[in-house]
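S.K.: Can you keep this structure in mind? I'll have questions shortly.
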Amino acid sequence: MSPPSFTPPSPTTLVLGGARSGKSSFAESLLDGAPALYLATGQALDGEMAERIEHHRRRRGSDWSTLEEPLELAETLEGVMRPDRPVLVDCLTLWISNLMHADRDVDAATARLCTVLGAATGPVVLVSNEVGLGLVPDNRLARDFRDHQGRVNQRVAAICAKVVFVAAGLPLVLKEP
Amino acid sequence: MSPPSFTPPSPTTLVLGGARSGKSSFAESLLDGAPALYLATGQALDGEMAERIEHHRRRRGSDWSTLEEPLELAETLEGVMRPDRPVLVDCLTLWISNLMHADRDVDAATARLCTVLGAATGPVVLVSNEVGLGLVPDNRLARDFRDHQGRVNQRVAAICAKVVFVAAGLPLVLKEP
Amino acid sequence: MSPPSFTPPSPTTLVLGGARSGKSSFAESLLDGAPALYLATGQALDGEMAERIEHHRRRRGSDWSTLEEPLELAETLEGVMRPDRPVLVDCLTLWISNLMHADRDVDAATARLCTVLGAATGPVVLVSNEVGLGLVPDNRLARDFRDHQGRVNQRVAAICAKVVFVAAGLPLVLKEP
């Protein structure tokens, strides 16, 4: 698509999927043709994570702006939304993990995020993991993380105009405007 | 919906989903407007489980009847089905876990449940977890549990009129009457 | 269906699902009415695996040919494809596991498989697991396996004409010709 014919995606879209499901690539494909802002919640704290971030960076190319924000997602997002430039938030899973490690209130942070998304002034695509489809983990921290992730997904899905589940790189639409 | 206009759900409905996917809330939403019977398979054996049961209880409100039955699900269900009152069974996952801990024959119990569901005399909505979409667990008991859960889901799905998969609180219809 | 009226399935079909989701039975149902070749990637290395293979064998009956190939999947598949006989490959998950244990290059093997599938000279149905919908595993080998599985699923899904996700024995179509 050429820029003049670019139709912005639904104001707010949630892309759900498993690990290595192609959810980030699919989310990026929704923005095709637009200069976009990549709002990364991950930090290159170790070699494995650095590899993944670099892999994502190479795929997107150089016409993307990138911003890292591990914790203050709602506040940062509110400051960067613009009608003519989509924001890709990748991903809510690392954000939740960061909040838990920093001992923040995940529910309160999610409420703030949903308030910002409900009044979105530009297109936003959010990527998140579905992590609750395996067996019950045997420690409380992992169960708490899984509970937070599930609740965040439900609340963000309720506020977003469109929700897509990605498996093997292919989308299943869960909700449409 | 007001009670006079209440349309009972499909005679039998299976609601599948992951942990914290919103499957129980979705199952409850199918019964909106009807006085319903909540048939719980979980028992408040520890603090964490008690919290979850109390959380479910608060959400449903006081116009629901509740019955706890950890093991004899088919027999109990058969005794309480009525054309004018839906039964919500929550959930098959805890039931399987209870059967395994009590050293019962899960396949035989599932066969009895399917017989009762196949001759349902009133609306029944059953909630169950999908647990097979993670990595292979490294111990035999967990693999056995996962195998039982998968087989129960397949058999109950085959007998139910309607089957829905819930992710992030949103339904994907797998089977319709 | 009687053999004369047999319509071969899409040239290439990928059937995705969790453990005990009914994906293999569903894949077999796609071939109903045709004499088929079962191309197994699993080996009866221990009692538990032998049980599973025997269970699969009993379900299919005696009119199926069976071939075991743990590693050289692309090469073997290329040699056995025929327009009038579907091949069922069960499953890509064990194949990836075998490749990793044999220290082979999974990406290169996947590229060869996709080349063969892209030039398929007969119907092929491939079964694969979705394993990325649980929590992040805590060891590098498991994460590597999960990454390989996800990438293989994406690449094979991109080349196949049809892709189906199976839950509780019921299909959700992700891609159609």
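Ligands are numbered from 1 in the order shown, residues from 1 within each chain, and chains are lettered A, B, ... in the order they appear in the structure tokens.
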If DSSP is run on the backbone, what residues of segment 3-165 of chain B are strand (DSSP E)? A reply as a list in words would be ideal.

M.R.: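 In segment 3-165 of chain B, DSSP puts these residues in strand (DSSP E): Thr12, Thr13, Leu14, Val15, Leu16, Gly17, Leu37, Tyr38, Leu39, Ala40, Ser65, Thr66, Leu67, Glu68, Val87, Leu88, Val89, Asp90, Val124, Val125, Leu126, Val127, Ser128, Asn129, Lys162, Val163, Val164 and Phe165 of chain B.
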
S.K.: Show me a table, sorted first by chain and then by increasing residue number, of the residues of chain A having an atom at most 9 Å from chain B, each with its shortest atom pair and the distance in Å to one decimal, counting only C-alpha atoms and written as CSV.

M.R.:
residue,atom,partner,partner_atom,distance
A:Leu16,CA,B:Ala168,CA,8.6
A:Glu130,CA,B:Ala167,CA,8.1
A:Val131,CA,B:Gly18,CA,8.0
A:Gly132,CA,B:Ala19,CA,4.6
A:Leu133,CA,B:Gly18,CA,4.5
A:Gly134,CA,B:Val131,CA,4.2
A:Leu135,CA,B:Val131,CA,5.1
A:Val136,CA,B:Val131,CA,8.1
A:Arg146,CA,B:Ala19,CA,7.5
A:Asp147,CA,B:Arg20,CA,5.7
A:His148,CA,B:Arg20,CA,8.3
A:Gln149,CA,B:Arg20,CA,8.0
A:Gly150,CA,B:Arg20,CA,4.7
A:Arg151,CA,B:Arg20,CA,6.3
A:Val152,CA,B:Ala168,CA,8.4
A:Asn153,CA,B:Ala168,CA,5.2
A:Gln154,CA,B:Ala168,CA,4.2
A:Arg155,CA,B:Ala168,CA,7.8
A:Val156,CA,B:Ala168,CA,8.4
A:Ala157,CA,B:Ala168,CA,6.2
A:Ala158,CA,B:Gly169,CA,7.7
A:Val163,CA,B:Leu170,CA,8.7
A:Phe165,CA,B:Ala167,CA,8.3
A:Leu172,CA,B:Leu172,CA,8.7
A:Val173,CA,B:Leu172,CA,8.5
A:Leu174,CA,B:Leu170,CA,6.1
A:Lys175,CA,B:Leu170,CA,7.3

S.K.: Provide the atom CA of Leu14 of chain B to atom CA of Ser25 of chain C distance in Å, to one decimal place.

M.R.: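 Distance between the two atoms: 20.2 Å.
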
S.K.: When you look at segment 80-92 of chain B with a cut-off of 9 Å (counting only C-alpha atoms), what residues show up, excluding the ones that are within fewer than 2 positions of it in the same chain? I need them as JSON, numbers by chain.

M.R.: {"B": [8, 9, 11, 24, 27, 28, 31, 34, 35, 36, 37, 38, 39, 40, 41, 42, 73, 76, 77, 78, 94, 95, 96, 97, 120, 121, 122, 123, 124, 125, 126, 127, 128, 129, 149, 152, 153]}
